[in-house]
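Undergrad: Can you read through this structure? Questions will come right after.
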Amino acid sequence: MGRGRRGYRILVAVEQAQVACDNCGKELVAGAAYCEKCGARTRRARRLVRLAIRVELVFFLGIVAMVAAFVWIYAVQK
């Protein structure tokens, strides 16, 4: 039972919303991606941008690998 509670505490800590802007200190609207006062990204928005960049990078590398494989196959068949 102890392990389940520990995992729950970690999950709750991750899901806690940011209530104030790190840049100017103004209170944020729930679920906001940017501060209304200074325009700075929230921690959640920065995390989502980093995730999107990683996904794009993995997709791009997959395409490059497929093109390289097709070029190799074509070269071997000649």
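Here, A, B, ... name the chains of the structure tokens in the order displayed, residue numbers run from 1 inside each chain, and ligands are numbered from 1 in the same displayed order.
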Skipping near chain neighbours, those fewer than 3 positions away, what residues fall within 10 Å of Ala40 of chain A using only C-alpha atoms, listed as number ranges by chain?

TA: A: 21-24, 33-37, 43, 45-46

Undergrad: I'd like the interatomic distance between atom CA of Arg41 of chain A and atom CA of Gln18 of chain A, to a tenth of an Å.

TA: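 According to the coordinates, atom CA of Arg41 of chain A and atom CA of Gln18 of chain A are separated by 11.1 Å.
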
Undergrad: Going by DSSP on the backbone, which bits of chain A are helix (DSSP H, G or I)? Write them as a ChimeraX atom specification, please.

TA: /A:2-15,43-77

Undergrad: Would you output that residue set with C-alpha atoms, as a PDB file, in the first residue's frame?

TA:
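Ended up saving to out.pdb:
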ATOM      1  CA  GLY A   2       2.915   2.356   0.659  1.00  0.00           C
ATOM      2  CA  ARG A   3       4.179   2.281  -2.915  1.00  0.00           C
ATOM      3  CA  GLY A   4       0.796   3.241  -4.307  1.00  0.00           C
ATOM      4  CA  ARG A   5       0.616   6.277  -2.021  1.00  0.00           C
ATOM      5  CA  ARG A   6       4.098   7.385  -3.016  1.00  0.00           C
ATOM      6  CA  GLY A   7       3.198   7.221  -6.708  1.00  0.00           C
ATOM      7  CA  TYR A   8       0.025   9.164  -5.949  1.00  0.00           C
ATOM      8  CA  ARG A   9       1.992  11.916  -4.182  1.00  0.00           C
ATOM      9  CA  ILE A  10       4.345  12.244  -7.154  1.00  0.00           C
ATOM     10  CA  LEU A  11       1.392  12.441  -9.536  1.00  0.00           C
ATOM     11  CA  VAL A  12      -0.323  15.111  -7.436  1.00  0.00           C
ATOM     12  CA  ALA A  13       2.892  17.130  -7.234  1.00  0.00           C
ATOM     13  CA  VAL A  14       3.276  17.016 -11.021  1.00  0.00           C
ATOM     14  CA  GLU A  15      -0.328  18.055 -11.628  1.00  0.00           C
ATOM     15  CA  ARG A  43       6.378  26.230 -16.890  1.00  0.00           C
ATOM     16  CA  ARG A  44       3.710  23.971 -18.442  1.00  0.00           C
ATOM     17  CA  ALA A  45       3.999  25.743 -21.814  1.00  0.00           C
ATOM     18  CA  ARG A  46       7.796  25.472 -21.769  1.00  0.00           C
ATOM     19  CA  ARG A  47       7.530  21.755 -20.970  1.00  0.00           C
ATOM     20  CA  LEU A  48       5.062  21.208 -23.832  1.00  0.00           C
ATOM     21  CA  VAL A  49       7.323  23.058 -26.283  1.00  0.00           C
ATOM     22  CA  ARG A  50      10.289  20.890 -25.261  1.00  0.00           C
ATOM     23  CA  LEU A  51       8.150  17.771 -25.765  1.00  0.00           C
ATOM     24  CA  ALA A  52       7.016  18.950 -29.211  1.00  0.00           C
ATOM     25  CA  ILE A  53      10.618  19.595 -30.256  1.00  0.00           C
ATOM     26  CA  ARG A  54      11.623  16.083 -29.169  1.00  0.00           C
ATOM     27  CA  VAL A  55       8.732  14.512 -31.087  1.00  0.00           C
ATOM     28  CA  GLU A  56       9.637  16.477 -34.231  1.00  0.00           C
ATOM     29  CA  LEU A  57      13.282  15.453 -33.892  1.00  0.00           C
ATOM     30  CA  VAL A  58      12.412  11.752 -33.558  1.00  0.00           C
ATOM     31  CA  PHE A  59      10.089  11.994 -36.572  1.00  0.00           C
ATOM     32  CA  PHE A  60      12.769  13.752 -38.647  1.00  0.00           C
ATOM     33  CA  LEU A  61      15.419  11.173 -37.719  1.00  0.00           C
ATOM     34  CA  GLY A  62      13.015   8.388 -38.658  1.00  0.00           C
ATOM     35  CA  ILE A  63      12.480   9.935 -42.102  1.00  0.00           C
ATOM     36  CA  VAL A  64      16.243  10.360 -42.577  1.00  0.00           C
ATOM     37  CA  ALA A  65      16.793   6.703 -41.608  1.00  0.00           C
ATOM     38  CA  MET A  66      14.153   5.526 -44.097  1.00  0.00           C
ATOM     39  CA  VAL A  67      15.636   7.608 -46.925  1.00  0.00           C
ATOM     40  CA  ALA A  68      19.111   6.288 -46.113  1.00  0.00           C
ATOM     41  CA  ALA A  69      17.776   2.727 -46.126  1.00  0.00           C
ATOM     42  CA  PHE A  70      16.083   3.194 -49.506  1.00  0.00           C
ATOM     43  CA  VAL A  71      19.255   4.730 -50.980  1.00  0.00           C
ATOM     44  CA  TRP A  72      21.296   1.800 -49.671  1.00  0.00           C
ATOM     45  CA  ILE A  73      18.813  -0.746 -51.068  1.00  0.00           C
ATOM     46  CA  TYR A  74      18.834   0.999 -54.440  1.00  0.00           C
ATOM     47  CA  ALA A  75      22.646   1.112 -54.495  1.00  0.00           C
ATOM     48  CA  VAL A  76      22.959  -2.576 -53.596  1.00  0.00           C
ATOM     49  CA  GLN A  77      20.570  -3.665 -56.369  1.00  0.00           C
TER      50      GLN A  77
END

Undergrad: Based on DSSP run over this structure's backbone, return all residues of chain A in strand (DSSP E or B), as a list in words.

TA: Ala20, Glu27, Tyr34 and Arg41 of chain A

Undergrad: May I have the selected residues written with N, CA and C atoms, as a tab-separated table (two decimals), in the first residue's frame?

TA:
chain	number	residue	atom	x	y	z
A	20	ALA	N	1.38	31.68	-10.21
A	20	ALA	CA	1.93	33.01	-10.44
A	20	ALA	C	3.04	32.93	-11.49
A	27	GLU	N	-0.65	36.91	-10.90
A	27	GLU	CA	-1.44	35.68	-10.78
A	27	GLU	C	-1.87	35.22	-12.17
A	34	TYR	N	0.56	31.46	-21.22
A	34	TYR	CA	1.35	32.69	-21.19
A	34	TYR	C	0.82	33.62	-20.12
A	41	ARG	N	6.15	32.60	-21.03
A	41	ARG	CA	5.56	31.27	-21.03
A	41	ARG	C	5.50	30.73	-19.61
